[in-house]
>>> print(open('model_1.txt').read())   # compact mmCIF, C-alpha atoms
# COMPACT_ATOMS: atom_id res chain seq x y z
CA ALA A 1 15.35 -85.55 -126.24
CA LEU A 2 13.27 -82.40 -126.50
CA VAL A 3 15.29 -80.13 -124.19
CA PRO A 4 18.65 -80.49 -126.00
CA ASN A 5 16.97 -79.76 -129.33
CA LEU A 6 15.21 -76.73 -127.88
CA LEU A 7 18.65 -75.54 -126.78
CA LEU A 8 19.74 -75.73 -130.44
CA VAL A 9 16.75 -73.60 -131.44
CA ALA A 10 17.58 -71.03 -128.74
CA LEU A 11 21.23 -70.88 -129.81
CA ALA A 12 20.25 -70.54 -133.47
CA CYS A 13 17.94 -67.65 -132.61
CA PHE A 14 20.22 -65.75 -130.25
CA TRP A 15 23.74 -66.51 -131.53
CA PRO A 16 24.31 -64.42 -134.66
CA HIS A 17 26.22 -65.87 -137.59
CA ASP A 18 26.78 -62.59 -139.40
CA GLY A 19 30.29 -63.29 -140.64
CA GLU A 20 32.18 -61.41 -137.94
CA ASP A 21 35.10 -63.22 -136.38
CA ARG A 22 34.86 -63.57 -132.64
CA GLY A 23 37.00 -65.69 -130.29
CA PRO A 24 37.84 -67.36 -128.00
CA ALA A 25 40.24 -69.60 -129.84
CA LEU A 26 39.22 -72.83 -128.09
CA LEU A 27 35.58 -72.39 -129.11
CA SER A 28 36.68 -71.39 -132.60
CA ILE A 29 38.65 -74.63 -132.89
CA ALA A 30 35.73 -76.58 -131.46
CA GLY A 31 33.49 -75.08 -134.13
CA HIS A 32 35.80 -76.41 -136.84
CA GLN A 33 35.05 -79.93 -135.59
CA HIS A 34 31.63 -79.65 -137.24
CA PHE A 35 33.27 -80.66 -140.51
CA ILE A 36 34.63 -83.85 -138.93
CA LEU A 37 31.68 -84.75 -136.73
CA LEU A 38 29.09 -84.48 -139.47
CA HIS A 39 30.21 -87.77 -141.00
CA PHE A 40 29.14 -89.78 -137.95
CA PRO A 41 25.40 -89.02 -138.00
CA VAL A 42 25.34 -89.39 -141.78
CA THR A 43 26.75 -92.89 -141.52
CA ILE A 44 24.85 -93.95 -138.42
CA LEU A 45 21.46 -92.59 -139.46
CA MET A 46 21.77 -94.25 -142.87
CA LEU A 47 22.67 -97.59 -141.30
CA VAL A 48 19.66 -97.69 -138.96
CA PRO A 49 16.90 -98.02 -141.62
CA PHE A 50 19.19 -100.26 -143.68
CA PHE A 51 19.46 -102.73 -140.79
CA GLU A 52 15.75 -102.34 -139.99
CA ILE A 53 14.75 -103.18 -143.56
CA TRP A 54 17.27 -106.01 -143.75
CA ASP A 55 16.13 -107.71 -140.53
CA ARG A 56 12.47 -106.61 -140.47
CA HIS A 57 11.59 -107.69 -136.95
CA ALA A 58 8.49 -106.61 -135.06
CA GLU A 59 10.74 -105.29 -132.28
CA ALA A 60 13.89 -103.27 -132.76
CA SER A 61 17.03 -105.19 -131.89
CA ALA A 62 19.46 -103.92 -129.28
CA LEU A 63 21.80 -102.85 -132.11
CA ILE A 64 19.06 -100.79 -133.77
CA ARG A 65 18.10 -99.15 -130.47
CA ARG A 66 21.71 -98.24 -129.72
CA LEU A 67 22.42 -96.98 -133.24
CA SER A 68 19.24 -94.91 -133.18
CA LEU A 69 20.27 -93.27 -129.91
CA LEU A 70 23.83 -92.76 -131.15
CA GLY A 71 22.50 -91.22 -134.38
CA ALA A 72 20.26 -88.80 -132.48
CA VAL A 73 23.07 -87.78 -130.11
CA SER A 74 25.64 -87.43 -132.90
CA ILE A 75 23.41 -85.27 -135.10
CA TRP A 76 22.64 -83.08 -132.07
CA ALA A 77 26.37 -82.69 -131.38
CA THR A 78 27.01 -81.94 -135.05
CA CYS A 79 24.37 -79.20 -134.96
CA LEU A 80 25.87 -77.75 -131.78
CA PHE A 81 29.35 -77.65 -133.31
CA GLY A 82 27.89 -76.19 -136.51
CA LEU A 83 26.35 -73.38 -134.47
CA MET A 84 29.73 -72.83 -132.80
CA GLU A 85 31.43 -72.77 -136.21
CA ALA A 86 29.01 -70.16 -137.55
CA HIS A 87 29.16 -68.00 -134.42
CA PHE A 88 32.83 -68.11 -133.45
CA ASN A 89 34.33 -68.27 -136.95
CA GLY A 90 31.76 -66.23 -138.80
CA GLY A 91 29.84 -67.47 -141.71
CA GLU A 92 27.50 -66.01 -144.24
CA TYR A 93 26.54 -67.65 -147.51
CA ALA A 94 23.45 -68.31 -149.55
CA GLY A 95 21.71 -71.27 -147.99
CA LEU A 96 23.14 -70.86 -144.49
CA ASP A 97 19.75 -70.38 -142.88
CA GLN A 98 18.32 -73.39 -144.72
CA HIS A 99 21.34 -75.48 -143.73
CA LEU A 100 21.06 -74.36 -140.12
CA TRP A 101 17.33 -74.94 -139.68
CA LEU A 102 17.19 -78.18 -141.67
CA GLY A 103 20.03 -79.52 -139.52
CA ILE A 104 18.09 -78.65 -136.38
CA VAL A 105 14.90 -80.18 -137.81
CA ALA A 106 16.90 -83.32 -138.67
CA SER A 107 18.09 -83.44 -135.05
CA PHE A 108 14.48 -83.22 -133.84
CA VAL A 109 13.37 -85.94 -136.27
CA ALA A 110 16.30 -88.22 -135.34
CA ALA A 111 15.39 -87.76 -131.66
CA GLY A 112 11.79 -88.55 -132.56
CA ALA A 113 12.90 -91.68 -134.41
CA TRP A 114 14.75 -92.79 -131.30
CA PHE A 115 11.70 -91.97 -129.18
CA LEU A 116 9.54 -94.13 -131.52
CA ILE A 117 11.97 -97.07 -131.43
CA LEU A 118 9.50 -99.25 -129.50
CA GLN A 119 6.70 -98.71 -132.03
CA SER A 120 5.81 -100.94 -134.98
CA TRP A 121 8.35 -101.69 -137.69
CA ARG A 122 6.63 -99.40 -140.22
CA VAL A 123 6.50 -96.43 -137.83
CA ARG A 124 10.19 -96.88 -136.95
CA VAL A 125 11.33 -97.10 -140.55
CA VAL A 126 9.27 -94.08 -141.68
CA ALA A 127 10.70 -91.99 -138.81
CA GLN A 128 14.26 -93.17 -139.53
CA ILE A 129 14.03 -92.54 -143.26
CA SER A 130 12.52 -89.11 -142.57
CA ALA A 131 15.54 -88.24 -140.45
CA VAL A 132 17.87 -89.43 -143.22
CA VAL A 133 16.07 -87.43 -145.92
CA ILE A 134 16.04 -84.18 -143.93
CA MET A 135 19.66 -84.67 -142.87
CA THR A 136 20.67 -85.37 -146.49
CA ILE A 137 19.06 -82.14 -147.71
CA ALA A 138 20.78 -80.14 -144.95
CA ALA A 139 24.09 -81.87 -145.71
CA HIS A 140 23.74 -81.16 -149.43
CA ILE A 141 23.25 -77.45 -148.79
CA GLY A 142 26.27 -77.35 -146.45
CA GLY A 143 28.33 -79.49 -148.80
CA ALA A 144 27.60 -77.15 -151.70
CA LYS A 145 29.16 -74.36 -149.62
CA VAL A 146 32.27 -76.38 -148.78
CA HIS A 147 32.79 -78.27 -152.04
CA GLY A 148 31.01 -76.03 -154.53
CA ASP A 149 28.25 -77.17 -156.82
CA LEU A 150 29.52 -80.49 -158.10
CA PHE A 151 26.84 -80.63 -160.78
CA LYS A 152 27.99 -77.47 -162.52
CA PRO A 153 31.46 -77.44 -164.05
CA ASN A 154 33.80 -74.80 -162.73
CA LYS A 155 37.22 -73.60 -163.93
CA GLU A 156 39.10 -76.13 -161.84
CA SER A 157 37.08 -79.10 -163.08
CA GLN A 158 37.25 -78.25 -166.79
CA LYS A 159 40.23 -79.43 -168.77
CA ASP A 160 41.97 -76.99 -171.03
CA PRO A 161 41.07 -78.03 -174.59
CA LYS A 162 44.48 -76.95 -175.93
CA PRO A 163 47.59 -78.74 -174.73
CA LYS A 164 50.13 -76.40 -173.22
CA ALA A 165 53.26 -75.69 -175.17
CA ALA A 166 56.45 -77.28 -173.90
CA ALA A 167 57.75 -73.81 -173.03
CA ASP A 168 54.84 -73.32 -170.61
CA ARG A 169 55.83 -76.35 -168.54
CA PRO A 170 58.62 -76.11 -165.97
CA HIS A 171 61.81 -77.95 -166.85
CA VAL A 172 62.18 -81.19 -164.92
CA PRO A 173 65.73 -82.60 -164.85
CA LEU A 174 65.79 -86.29 -165.70
CA GLY A 175 69.14 -87.27 -164.40
>>> encode(input="model_1.txt", output="structure tokens")
Amino acid sequence: ALVPNLLLVALACFWPHDGEDRGPALLSIAGHQHFILLHFPVTILMLVPFFEIWDRHAEASALIRRLSLLGAVSIWATCLFGLMEAHFNGGEYAGLDQHLWLGIVASFVAAGAWFLILQSWRVRVVAQISAVVIMTIAAHIGGAKVHGDLFKPNKESQKDPKPKAAADRPHVPLG
């Protein structure tokens, strides 16, 4: 679990994300998959502590162990594809470094939560919730880039206070 995450750190340090486009096309397309893949670890890592708290057994069930491993692997893959997206498609925005490093830290913590799966219930849940919290912060920073700041109104979200005149609307034939 440590070696793949150290690979992410090495890639983050030595693969620049300075906003310059660079091919090849296949890796560029692969980088775009970050935006699809990221939903899997979000869902999986949120389900693990939910099921742990719901069942509250001294030992993790087979389902919890498998979901924990799947969550750690999926967040690692999401980070890898995010690095590919930033490197091969360029990317530079406020918060990119925080998004990048918090994602990698979340991958480390998710791997640690999987590594601690045979520990006591309390240790498991604290590790799992820690992974969820760090991942959520990283996801919020990345989501603010993609979707904008949803807590501040922008032009598109504000309604025009004055109704438009009929002449401003295109004519739609009714028959």
>>> atom_distance(input="model_1.txt", atom1="CA of Leu67 (chain A)", atom2="CA of Leu47 (chain A)")
8.1 Å
>>> atom_distance(input="model_1.txt", atom1="CA of Ala77 (chain A)", atom2="CA of Ile141 (chain A)")
18.4 Å
>>> residues_around(input="model_1.txt", residues="region 122-128 of chain A", least_positions_apart="6", cutoff="7 Å", atoms="all atoms listed in the file", output="list in words")
Pro49, Glu52, Ala110, Ala113 and Leu116 of chain A
>>> residues_around(input="model_1.txt", residues="Lys145 (chain A)", least_positions_apart="3", cutoff="12 Å", atoms="all atoms listed in the file", output="ChimeraX atom specification")
/A:35,91-96,98-99,138-142,148-150
>>> atom_distance(input="model_1.txt", atom1="CA of Val105 (chain A)", atom2="CA of His147 (chain A)")
22.9 Å
>>> residues_around(input="model_1.txt", residues="Phe51 (chain A)", least_positions_apart="5", cutoff="10 Å", atoms="all atoms listed in the file", output="PyMOL selection string")
chain A and resi 46+56+60-61+63-64+67+125
>>> residues_around(input="model_1.txt", residues="Leu2 (chain A)", least_positions_apart="5", cutoff="12 Å", atoms="all atoms listed in the file", output="PDB file with C-alpha atoms, in the frame of the given file")
ATOM      1  CA  LEU A   7      18.650 -75.540-126.780  1.00  0.00           C
ATOM      2  CA  LEU A   8      19.740 -75.730-130.440  1.00  0.00           C
ATOM      3  CA  VAL A   9      16.750 -73.600-131.440  1.00  0.00           C
ATOM      4  CA  ALA A  72      20.260 -88.800-132.480  1.00  0.00           C
ATOM      5  CA  VAL A  73      23.070 -87.780-130.110  1.00  0.00           C
ATOM      6  CA  TRP A  76      22.640 -83.080-132.070  1.00  0.00           C
ATOM      7  CA  ILE A 104      18.090 -78.650-136.380  1.00  0.00           C
ATOM      8  CA  VAL A 105      14.900 -80.180-137.810  1.00  0.00           C
ATOM      9  CA  SER A 107      18.090 -83.440-135.050  1.00  0.00           C
ATOM     10  CA  PHE A 108      14.480 -83.220-133.840  1.00  0.00           C
ATOM     11  CA  VAL A 109      13.370 -85.940-136.270  1.00  0.00           C
ATOM     12  CA  ALA A 110      16.300 -88.220-135.340  1.00  0.00           C
ATOM     13  CA  ALA A 111      15.390 -87.760-131.660  1.00  0.00           C
ATOM     14  CA  GLY A 112      11.790 -88.550-132.560  1.00  0.00           C
ATOM     15  CA  TRP A 114      14.750 -92.790-131.300  1.00  0.00           C
ATOM     16  CA  PHE A 115      11.700 -91.970-129.180  1.00  0.00           C
TER      17      PHE A 115
END
>>> residues_around(input="model_1.txt", residues="Ala106 (chain A)", least_positions_apart="5", cutoff="7 Å", atoms="all atoms listed in the file", output="MDAnalysis selection string")
chainID A and resid 131 134:135
>>> closest_residue(input="model_1.txt", among="A:Ser74, A:Ser68, A:Thr136, A:Ser130", to="Ile36 (chain A)", atoms="only C-alpha atoms")
A:Ser74
>>> closest_residue(input="model_1.txt", among="A:Gly103, A:Gly71, A:Gly90, A:Gly82", to="Phe40 (chain A)", atoms="all atoms listed in the file")
A:Gly71
>>> decode(input="model_1.txt", residues="region 58-133 of chain A", atoms="C-alpha atoms", output="JSON list (two decimals), in the first residue's frame")
[["chain", "number", "residue", "atom", "x", "y", "z"],
["A", 58, "ALA", "CA", -15.55, -6.27, 16.94],
["A", 59, "GLU", "CA", -14.20, -7.68, 13.67],
["A", 60, "ALA", "CA", -14.68, -6.17, 10.25],
["A", 61, "SER", "CA", -16.99, -8.20, 8.03],
["A", 62, "ALA", "CA", -15.85, -9.51, 4.67],
["A", 63, "LEU", "CA", -17.90, -6.76, 3.00],
["A", 64, "ILE", "CA", -16.16, -4.04, 5.03],
["A", 65, "ARG", "CA", -12.72, -5.51, 4.27],
["A", 66, "ARG", "CA", -13.46, -5.67, 0.55],
["A", 67, "LEU", "CA", -14.99, -2.19, 0.41],
["A", 68, "SER", "CA", -12.04, -0.77, 2.33],
["A", 69, "LEU", "CA", -9.59, -2.30, -0.15],
["A", 70, "LEU", "CA", -11.70, -1.18, -3.11],
["A", 71, "GLY", "CA", -11.89, 2.34, -1.66],
["A", 72, "ALA", "CA", -8.11, 2.52, -1.22],
["A", 73, "VAL", "CA", -7.46, 1.21, -4.74],
["A", 74, "SER", "CA", -10.08, 3.47, -6.33],
["A", 75, "ILE", "CA", -8.82, 6.64, -4.65],
["A", 76, "TRP", "CA", -5.27, 5.73, -5.70],
["A", 77, "ALA", "CA", -6.44, 5.28, -9.31],
["A", 78, "THR", "CA", -8.36, 8.56, -9.14],
["A", 79, "CYS", "CA", -5.21, 10.35, -7.97],
["A", 80, "LEU", "CA", -3.18, 8.75, -10.75],
["A", 81, "PHE", "CA", -5.69, 9.83, -13.40],
["A", 82, "GLY", "CA", -5.84, 13.30, -11.81],
["A", 83, "LEU", "CA", -2.07, 13.58, -12.18],
["A", 84, "MET", "CA", -2.40, 12.49, -15.81],
["A", 85, "GLU", "CA", -5.14, 15.08, -16.36],
["A", 86, "ALA", "CA", -3.00, 17.88, -14.93],
["A", 87, "HIS", "CA", 0.14, 16.83, -16.81],
["A", 88, "PHE", "CA", -1.18, 15.85, -20.24],
["A", 89, "ASN", "CA", -4.02, 18.37, -20.49],
["A", 90, "GLY", "CA", -2.48, 21.21, -18.56],
["A", 91, "GLY", "CA", -4.02, 22.75, -15.57],
["A", 92, "GLU", "CA", -3.36, 25.74, -13.41],
["A", 93, "TYR", "CA", -5.84, 27.26, -10.99],
["A", 94, "ALA", "CA", -5.92, 28.55, -7.46],
["A", 95, "GLY", "CA", -6.13, 25.55, -5.19],
["A", 96, "LEU", "CA", -4.56, 23.04, -7.58],
["A", 97, "ASP", "CA", -1.67, 22.26, -5.27],
["A", 98, "GLN", "CA", -4.01, 21.84, -2.30],
["A", 99, "HIS", "CA", -6.30, 19.61, -4.36],
["A", 100, "LEU", "CA", -3.35, 17.55, -5.59],
["A", 101, "TRP", "CA", -1.66, 17.01, -2.23],
["A", 102, "LEU", "CA", -4.86, 16.49, -0.25],
["A", 103, "GLY", "CA", -5.90, 13.86, -2.78],
["A", 104, "ILE", "CA", -2.58, 12.07, -2.33],
["A", 105, "VAL", "CA", -2.85, 12.35, 1.47],
["A", 106, "ALA", "CA", -6.39, 10.93, 1.24],
["A", 107, "SER", "CA", -4.98, 8.01, -0.76],
["A", 108, "PHE", "CA", -2.38, 7.38, 1.95],
["A", 109, "VAL", "CA", -5.02, 7.57, 4.70],
["A", 110, "ALA", "CA", -7.42, 5.27, 2.80],
["A", 111, "ALA", "CA", -4.58, 2.77, 2.37],
["A", 112, "GLY", "CA", -3.84, 3.13, 6.08],
["A", 113, "ALA", "CA", -7.51, 2.52, 6.90],
["A", 114, "TRP", "CA", -7.37, -0.67, 4.86],
["A", 115, "PHE", "CA", -4.12, -1.65, 6.59],
["A", 116, "LEU", "CA", -5.82, -1.12, 9.99],
["A", 117, "ILE", "CA", -8.90, -3.16, 9.05],
["A", 118, "LEU", "CA", -8.02, -5.93, 11.53],
["A", 119, "GLN", "CA", -7.74, -3.51, 14.47],
["A", 120, "SER", "CA", -10.46, -2.61, 16.97],
["A", 121, "TRP", "CA", -13.75, -1.11, 15.82],
["A", 122, "ARG", "CA", -12.85, 2.37, 17.10],
["A", 123, "VAL", "CA", -9.45, 2.42, 15.34],
["A", 124, "ARG", "CA", -11.06, 1.29, 12.07],
["A", 125, "VAL", "CA", -13.81, 3.88, 12.18],
["A", 126, "VAL", "CA", -11.47, 6.76, 13.07],
["A", 127, "ALA", "CA", -9.15, 5.81, 10.17],
["A", 128, "GLN", "CA", -12.08, 5.45, 7.75],
["A", 129, "ILE", "CA", -13.69, 8.74, 8.74],
["A", 130, "SER", "CA", -10.29, 10.46, 8.49],
["A", 131, "ALA", "CA", -9.98, 9.23, 4.90],
["A", 132, "VAL", "CA", -13.49, 10.51, 4.14],
["A", 133, "VAL", "CA", -12.84, 13.95, 5.65]]
